$ cat input-v4.txt   # compact mmCIF, C-alpha atoms
# COMPACT_ATOMS: atom_id res chain seq x y z
CA MET A 1 334.67 192.78 14.65
CA THR A 2 337.26 192.62 11.92
CA ALA A 3 335.73 191.81 8.53
CA ARG A 4 337.06 188.67 6.87
CA LYS A 5 338.72 189.70 3.65
CA THR A 6 340.82 187.46 1.53
CA LYS A 7 341.14 187.94 -2.19
CA SER A 8 339.98 191.34 -3.35
CA GLU A 9 339.74 191.90 -7.04
CA ALA A 10 340.18 195.40 -8.40
CA ALA A 11 338.73 195.43 -11.88
CA PRO A 12 339.66 198.46 -13.96
CA ALA A 13 337.16 201.27 -13.28
CA ALA A 14 334.82 198.73 -11.79
CA ALA A 15 333.45 197.37 -8.55
CA GLN A 16 335.81 195.89 -6.01
CA LEU A 17 334.68 192.34 -5.30
CA ILE A 18 335.45 190.60 -2.05
CA ARG A 19 334.68 186.88 -2.07
CA ASP A 20 333.89 185.19 1.21
CA PRO A 21 336.19 182.18 1.20
CA VAL A 22 333.93 179.86 3.18
CA SER A 23 330.41 180.62 1.97
CA PHE A 24 331.04 181.82 -1.57
CA GLN A 25 334.36 180.78 -3.05
CA GLY A 26 334.40 177.35 -1.44
CA PRO A 27 330.94 176.24 -2.60
CA LEU A 28 331.56 177.75 -6.05
CA GLN A 29 334.77 175.80 -6.50
CA ARG A 30 333.16 172.61 -5.17
CA ALA A 31 330.22 172.97 -7.58
CA ARG A 32 332.63 173.48 -10.46
CA ALA A 33 334.77 170.53 -9.41
CA ARG A 34 331.73 168.30 -8.98
CA CYS A 35 330.24 168.80 -12.43
CA THR A 36 333.66 168.76 -14.10
CA SER A 37 334.36 165.48 -12.33
CA VAL A 38 331.16 163.92 -13.67
CA LEU A 39 331.93 165.13 -17.20
CA THR A 40 335.56 164.02 -17.24
CA THR A 41 335.27 160.68 -15.44
CA MET A 42 334.76 157.65 -17.57
CA ALA A 43 331.28 156.21 -17.10
CA THR A 44 331.41 152.66 -15.78
CA ARG A 45 327.70 151.98 -16.11
CA VAL A 46 325.39 152.53 -19.06
CA ARG A 47 322.21 152.96 -17.06
CA ASN A 48 321.40 156.61 -16.37
CA THR A 49 324.65 157.89 -17.92
CA GLU A 50 322.63 160.15 -20.22
CA ALA A 51 320.77 161.64 -17.25
CA ARG A 52 323.99 162.20 -15.28
CA LEU A 53 325.68 163.88 -18.23
CA HIS A 54 322.61 165.98 -18.92
CA VAL A 55 322.49 167.36 -15.38
CA ALA A 56 326.27 167.86 -15.26
CA MET A 57 326.23 169.69 -18.62
CA ALA A 58 323.38 171.92 -17.49
CA GLU A 59 325.27 172.78 -14.30
CA TYR A 60 328.56 173.31 -16.15
CA GLU A 61 326.87 175.71 -18.57
CA ALA A 62 325.07 177.43 -15.68
CA LEU A 63 328.39 177.96 -13.89
CA GLU A 64 329.93 179.42 -17.04
CA THR A 65 326.99 181.77 -17.36
CA PHE A 66 327.32 182.70 -13.69
CA ASP A 67 331.02 183.54 -14.13
CA GLU A 68 330.33 185.63 -17.22
CA LEU A 69 327.53 187.56 -15.57
CA LEU A 70 329.59 188.13 -12.44
CA ARG A 71 332.51 189.39 -14.50
CA ALA A 72 330.22 191.73 -16.41
CA HIS A 73 328.63 193.11 -13.25
CA VAL A 74 332.05 193.65 -11.64
CA GLU A 75 333.36 195.44 -14.76
CA ASN A 76 330.32 197.65 -15.05
CA ALA A 77 329.69 198.02 -11.30
CA SER A 78 326.10 197.16 -12.09
CA PHE A 79 325.12 195.01 -9.14
CA ARG A 80 322.21 197.33 -8.39
CA GLU A 81 320.51 196.04 -11.52
CA LEU A 82 320.26 192.58 -10.01
CA PRO A 83 317.10 191.44 -8.24
CA GLY A 84 316.98 191.85 -4.50
CA ILE A 85 316.21 189.35 -1.79
CA ARG A 86 313.02 189.26 0.19
CA SER A 87 312.48 187.92 3.64
CA TRP A 88 308.97 187.62 5.05
CA GLY A 89 307.73 189.81 2.22
CA ARG A 90 310.19 192.62 2.95
CA ARG A 91 313.20 193.43 0.86
CA MET A 92 316.56 192.96 2.58
CA ALA A 93 318.36 196.26 1.99
CA GLY A 94 321.74 196.07 0.27
CA PHE A 95 321.45 192.44 -0.78
CA TYR A 96 321.31 191.33 -4.40
CA GLN A 97 321.21 187.95 -6.02
CA LEU A 98 322.60 186.58 -9.25
CA ARG A 99 321.00 183.39 -10.54
CA ALA A 100 322.16 181.01 -13.21
CA GLY A 101 320.44 177.65 -13.56
CA PRO A 102 320.22 175.97 -10.16
CA PHE A 103 322.89 178.28 -8.66
CA ARG A 104 322.56 181.53 -6.84
CA GLY A 105 325.06 184.05 -5.54
CA VAL A 106 324.11 186.58 -2.89
CA PHE A 107 325.96 189.88 -2.85
CA LEU A 108 326.14 192.68 -0.32
CA LEU A 109 326.56 196.06 -1.92
CA GLY A 110 328.34 198.97 -0.31
CA LYS A 111 326.73 202.37 -0.10
CA ASP A 112 328.64 203.72 -3.10
CA SER A 113 328.07 200.51 -5.14
CA LYS A 114 331.82 200.23 -5.69
CA ALA A 115 332.55 197.70 -2.97
CA VAL A 116 330.73 194.38 -3.19
CA VAL A 117 330.95 191.32 -0.99
CA ALA A 118 330.14 187.95 -2.57
CA LEU A 119 328.54 186.46 0.52
CA VAL A 120 326.96 183.14 -0.30
CA PHE A 121 326.97 180.76 -3.23
CA SER A 122 324.35 178.06 -3.11
CA ARG A 123 322.61 175.43 -5.16
CA GLN A 124 318.90 174.66 -5.21
CA PRO A 125 317.11 174.44 -2.86
CA HIS A 126 318.42 177.73 -1.57
CA ASP A 127 318.02 178.05 2.16
CA SER A 128 320.58 180.64 2.98
CA LYS A 129 318.91 183.75 4.40
CA LYS A 130 320.04 183.08 7.94
CA ARG A 131 323.57 182.46 6.72
CA VAL A 132 323.42 185.66 4.67
CA ARG A 133 322.53 187.67 7.75
CA GLU A 134 325.29 186.07 9.83
CA LEU A 135 327.88 186.80 7.18
CA ALA A 136 326.64 190.33 6.56
CA ALA A 137 327.22 191.07 10.25
CA GLN A 138 330.88 190.11 9.79
CA TYR A 139 331.29 192.46 6.83
CA ARG A 140 329.80 195.44 8.61
CA ASP A 141 332.52 197.94 7.60
CA PHE A 142 333.64 196.40 4.31
CA ASP A 143 332.95 199.53 2.27
CA LYS A 144 335.08 201.75 4.46
CA PRO A 145 338.82 202.19 3.65
CA ALA A 146 340.34 198.75 3.95
CA GLU A 147 342.05 197.72 7.19
CA LYS A 148 345.29 195.88 7.07
CA PRO A 149 344.57 192.13 7.02
CA GLU A 150 345.80 190.22 10.07
CA MET B 1 326.72 155.72 -5.88
CA SER B 2 327.69 159.34 -5.17
CA ASP B 3 325.17 162.02 -4.20
CA ALA B 4 325.41 163.49 -7.69
CA GLU B 5 324.57 160.17 -9.27
CA GLU B 6 321.70 159.52 -6.83
CA GLU B 7 320.25 162.92 -7.64
CA THR B 8 320.35 162.50 -11.38
CA VAL B 9 318.83 159.04 -11.28
CA LYS B 10 315.52 160.61 -10.29
CA GLY B 11 315.11 162.45 -13.58
CA ASP B 12 316.04 160.29 -16.56
CA GLY B 13 314.41 162.45 -19.23
CA THR B 14 311.72 159.99 -20.29
CA GLY B 15 308.91 162.11 -18.88
CA ARG B 16 308.22 163.66 -22.27
CA LEU B 17 308.19 160.26 -23.92
CA TRP B 18 305.64 158.85 -21.49
CA LEU B 19 303.57 162.00 -21.80
CA ALA B 20 303.47 161.42 -25.54
CA VAL B 21 302.39 157.82 -24.88
CA GLY B 22 299.59 159.08 -22.63
CA VAL B 23 298.43 161.59 -25.23
CA GLY B 24 298.53 158.92 -27.93
CA CYS B 25 296.45 156.51 -25.88
CA LEU B 26 293.94 159.26 -25.12
CA ILE B 27 293.66 160.05 -28.83
CA CYS B 28 293.02 156.37 -29.60
CA VAL B 29 290.33 155.99 -26.97
CA GLY B 30 288.92 159.41 -27.78
CA PHE B 31 288.35 158.58 -31.41
CA LEU B 32 286.78 155.25 -30.47
CA VAL B 33 284.36 156.99 -28.12
CA TYR B 34 283.63 159.62 -30.77
CA ALA B 35 282.96 156.93 -33.36
CA VAL B 36 280.51 155.19 -31.03
CA CYS B 37 278.76 158.42 -30.10
CA ALA B 38 278.55 159.56 -33.72
CA GLY B 39 277.47 156.11 -34.90
CA LYS B 40 280.25 156.00 -37.53
CA ALA B 41 282.35 152.87 -37.01
CA SER B 42 284.87 153.91 -39.66
CA LEU B 43 286.15 156.65 -37.39
CA GLY B 44 287.16 154.16 -34.72
CA GLY B 45 290.57 153.54 -36.23
CA ARG B 46 291.57 157.12 -36.91
CA GLY B 47 292.95 157.63 -33.43
CA GLY B 48 295.35 154.74 -33.93
CA VAL B 49 296.69 156.30 -37.11
CA LEU B 50 297.30 159.59 -35.33
CA ALA B 51 299.01 157.76 -32.49
CA LEU B 52 301.34 156.10 -34.99
CA ALA B 53 302.17 159.52 -36.41
CA LEU B 54 302.95 160.62 -32.87
CA THR B 55 305.53 157.85 -32.55
CA PHE B 56 307.53 159.50 -35.33
CA TYR B 57 307.49 162.74 -33.36
CA MET B 58 308.79 160.80 -30.34
CA LEU B 59 311.93 160.00 -32.31
CA PHE B 60 312.91 163.66 -32.01
CA LEU B 61 312.27 164.04 -28.29
CA ASP B 62 315.84 163.34 -27.23
CA ARG B 63 317.68 165.98 -25.22
CA LYS B 64 320.79 166.10 -27.44
CA THR B 65 322.95 165.68 -24.37
CA GLU B 66 325.68 163.87 -26.31
CA THR B 67 325.83 166.63 -28.92
CA ARG B 68 326.30 169.35 -26.32
CA TYR B 69 328.78 167.21 -24.45
CA LEU B 70 330.92 166.41 -27.49
CA GLU B 71 331.00 170.04 -28.57
CA ARG B 72 332.70 170.99 -25.31
CA ASP B 73 336.41 171.20 -24.69
CA LEU B 74 336.63 169.87 -21.17
CA PRO B 75 339.77 170.34 -19.07
CA PRO B 76 342.10 167.32 -19.10
CA LYS B 77 343.30 165.91 -15.78
CA THR B 78 346.90 166.51 -16.79
CA ASP B 79 348.26 168.93 -19.38
CA ASP B 80 350.52 166.50 -21.20
CA ALA B 81 349.69 164.63 -24.40
CA ILE B 82 348.56 161.50 -22.51
CA GLY B 83 346.20 163.56 -20.37
CA LYS B 84 344.64 165.19 -23.43
CA LEU B 85 344.32 161.85 -25.20
CA GLU B 86 342.72 160.34 -22.12
CA ALA B 87 340.30 163.26 -21.87
CA HIS B 88 339.36 162.87 -25.53
CA HIS B 89 338.87 159.13 -25.11
CA THR B 90 336.77 159.61 -21.97
CA GLN B 91 334.59 162.20 -23.64
CA THR B 92 334.03 160.04 -26.72
CA ARG B 93 333.27 156.94 -24.67
CA ASN B 94 330.89 158.76 -22.32
CA ALA B 95 329.00 160.20 -25.30
CA LEU B 96 328.67 156.73 -26.81
CA VAL B 97 327.47 155.30 -23.50
CA ALA B 98 324.92 158.12 -23.23
CA VAL B 99 323.64 157.33 -26.75
CA ILE B 100 323.24 153.66 -25.81
CA ASP B 101 321.53 154.58 -22.56
CA TRP B 102 319.05 156.87 -24.30
CA ALA B 103 318.33 154.29 -26.99
CA ASP B 104 317.54 151.77 -24.23
CA LYS B 105 315.21 154.20 -22.47
CA HIS B 106 313.57 155.24 -25.70
CA LYS B 107 312.57 151.74 -26.74
CA LEU B 108 309.82 150.97 -24.25
CA PRO B 109 307.60 154.05 -24.64
CA LEU B 110 308.03 153.93 -28.42
CA ALA B 111 307.05 150.26 -28.48
CA VAL B 112 304.04 150.79 -26.22
CA LEU B 113 302.60 153.59 -28.33
CA SER B 114 303.37 151.79 -31.57
CA ILE B 115 301.54 148.66 -30.41
CA VAL B 116 298.56 150.58 -29.03
CA GLY B 117 298.35 152.74 -32.15
CA THR B 118 298.61 149.76 -34.48
CA ILE B 119 295.89 147.82 -32.66
CA PHE B 120 293.52 150.77 -32.71
CA ALA B 121 294.34 151.56 -36.34
CA GLY B 122 293.66 147.97 -37.36
CA PHE B 123 290.74 147.07 -35.15
CA GLY B 124 289.31 150.35 -33.95
CA ASP B 125 286.58 150.33 -36.56
CA LEU B 126 285.58 146.79 -35.61
CA ALA B 127 285.49 147.70 -31.95
CA ALA B 128 283.38 150.75 -32.72
CA GLU B 129 281.02 148.63 -34.84
CA TYR B 130 280.63 146.15 -32.01
CA LEU B 131 279.98 148.86 -29.45
CA ILE B 132 277.50 150.63 -31.70
CA ALA B 133 275.60 147.41 -32.24
CA ARG B 134 275.29 146.70 -28.49
$ encode --input "input-v4.txt" --output "structure tokens"
Amino acid sequence: MTARKTKSEAAPAAAQLIRDPVSFQGPLQRARARCTSVLTTMATRVRNTEARLHVAMAEYEALETFDELLRAHVENASFRELPGIRSWGRRMAGFYQLRAGPFRGVFLLGKDSKAVVALVFSRQPHDSKKRVRELAAQYRDFDKPAEKPE
Amino acid sequence: MSDAEEETVKGDGTGRLWLAVGVGCLICVGFLVYAVCAGKASLGGRGGVLALALTFYMLFLDRKTETRYLERDLPPKTDDAIGKLEAHHTQTRNALVAVIDWADKHKLPLAVLSIVGTIFAGFGDLAAEYLIAR
């Protein structure tokens, strides 16, 4: 099966990050658009405006933190320092997670730690282990020399 | 209402305020019970005084959402001068609305604890005296 690869980012002397367009980049952009929309749209009602802004601010700051941490891990190729993922008490080999606020990104690390696939981006409650496995199956050979995209 | 708005309606941030009200009421009743058990009616009103002090603490239990929001440079919808002006106006107005909203939410728990504390401070000793005499 050909691995789905879209935008690959080659950071200088760093890990090569491949973002899954459907399960990572899409949800990340939607989360960013959603909280930005709440923060930049004029409130038409007074009731609960403070609560809406509070949640949107928390998410906006969490997304900024997520981006900064991701950038740092890509630059330093330090995804192995992230916590792993457990399923039924057993660690899923090769998978790492990056959490910021209510958001979580799941990453699949290549054998040499230089190639990384950003598999899934999700918001609480996270219920994405099955999806992670499905996607990982599609990126089986991602850390081998890249094939020409179709 | 959008999903985002529905979700945020569930947590309006007044949990801490009502917790403070609960603690204040417990202090009031606790001192009354203590006064009756100890046989010292003068202690019956002390709880009310402490509850009133707690209401001052409640004034500082806001989440400073507006402060964090106003300190942000949020992206304007368009990059021209009108877009930036609109973004600035929206941000200022939303912060003002949030301040009004919080002030509205803040009033009830503050009033409840103030009234309870005042009643116990003023009449707690009399209530304790009555209960001791029974």
$ closest_residue --input "input-v4.txt" --among "A:Arg34, A:Glu50, A:Gly26, A:Phe142" --to "chain B" --atoms "all atoms listed in the file"
A:Glu50
$ interface_residues --input "input-v4.txt" --of "chain B" --to "chain A" --cutoff "9 Å" --atoms "all atoms listed in the file" --output "PyMOL selection string"
chain B and resi 4-5+7-13+63-66+68-69+74-77+87+89-91+93-95+97-102+104-105
$ residues_around --input "input-v4.txt" --residues "Asp112 in chain A" --least-positions-apart "3" --cutoff "9 Å" --atoms "only C-alpha atoms" --output "PyMOL selection string"
chain A and resi 109+115+143
$ atom_distance --input "input-v4.txt" --atom1 "CA of Ala136 in chain A" --atom2 "CA of Glu59 in chain A"
27.3 Å
$ residues_around --input "input-v4.txt" --residues "Pro125 in chain A" --least-positions-apart "5" --cutoff "10 Å" --atoms "only C-alpha atoms" --output "PyMOL selection string"
chain A and resi 102-104
$ atom_distance --input "input-v4.txt" --atom1 "CA of Val116 in chain B" --atom2 "CA of Val29 in chain B"
10.1 Å
$ residues_around --input "input-v4.txt" --residues "Leu119 in chain A" --least-positions-apart "3" --cutoff "7 Å" --atoms "all atoms listed in the file" --output "list in words"
Arg19, Asp20, Ser23, Phe24, Val106, Phe107, Leu108, Val132 and Leu135 of chain A
$ atom_distance --input "input-v4.txt" --atom1 "CA of Thr118 in chain B" --atom2 "CA of Gly48 in chain B"
6.0 Å
$ residues_around --input "input-v4.txt" --residues "Arg99 in chain A" --least-positions-apart "6" --cutoff "9 Å" --atoms "all atoms listed in the file" --output "PyMOL selection string"
chain A and resi 62+66+105-106
$ residues_near_point --input "input-v4.txt" --point "(285.8, 158.1, -32.3)" --cutoff "9 Å" --atoms "all atoms listed in the file" --output "ChimeraX atom specification"
/B:27-47,124-125,128
$ residues_near_point --input "input-v4.txt" --point "(316.9, 189.9, 2.7)" --cutoff "10 Å" --atoms "only C-alpha atoms" --output "PyMOL selection string"
chain A and resi 84-97+106+128-130+132-133
$ closest_residue --input "input-v4.txt" --among "B:Asp79, B:Met58, B:Gly122, B:Gly24" --to "Leu110 in chain B" --atoms "all atoms listed in the file"
B:Met58
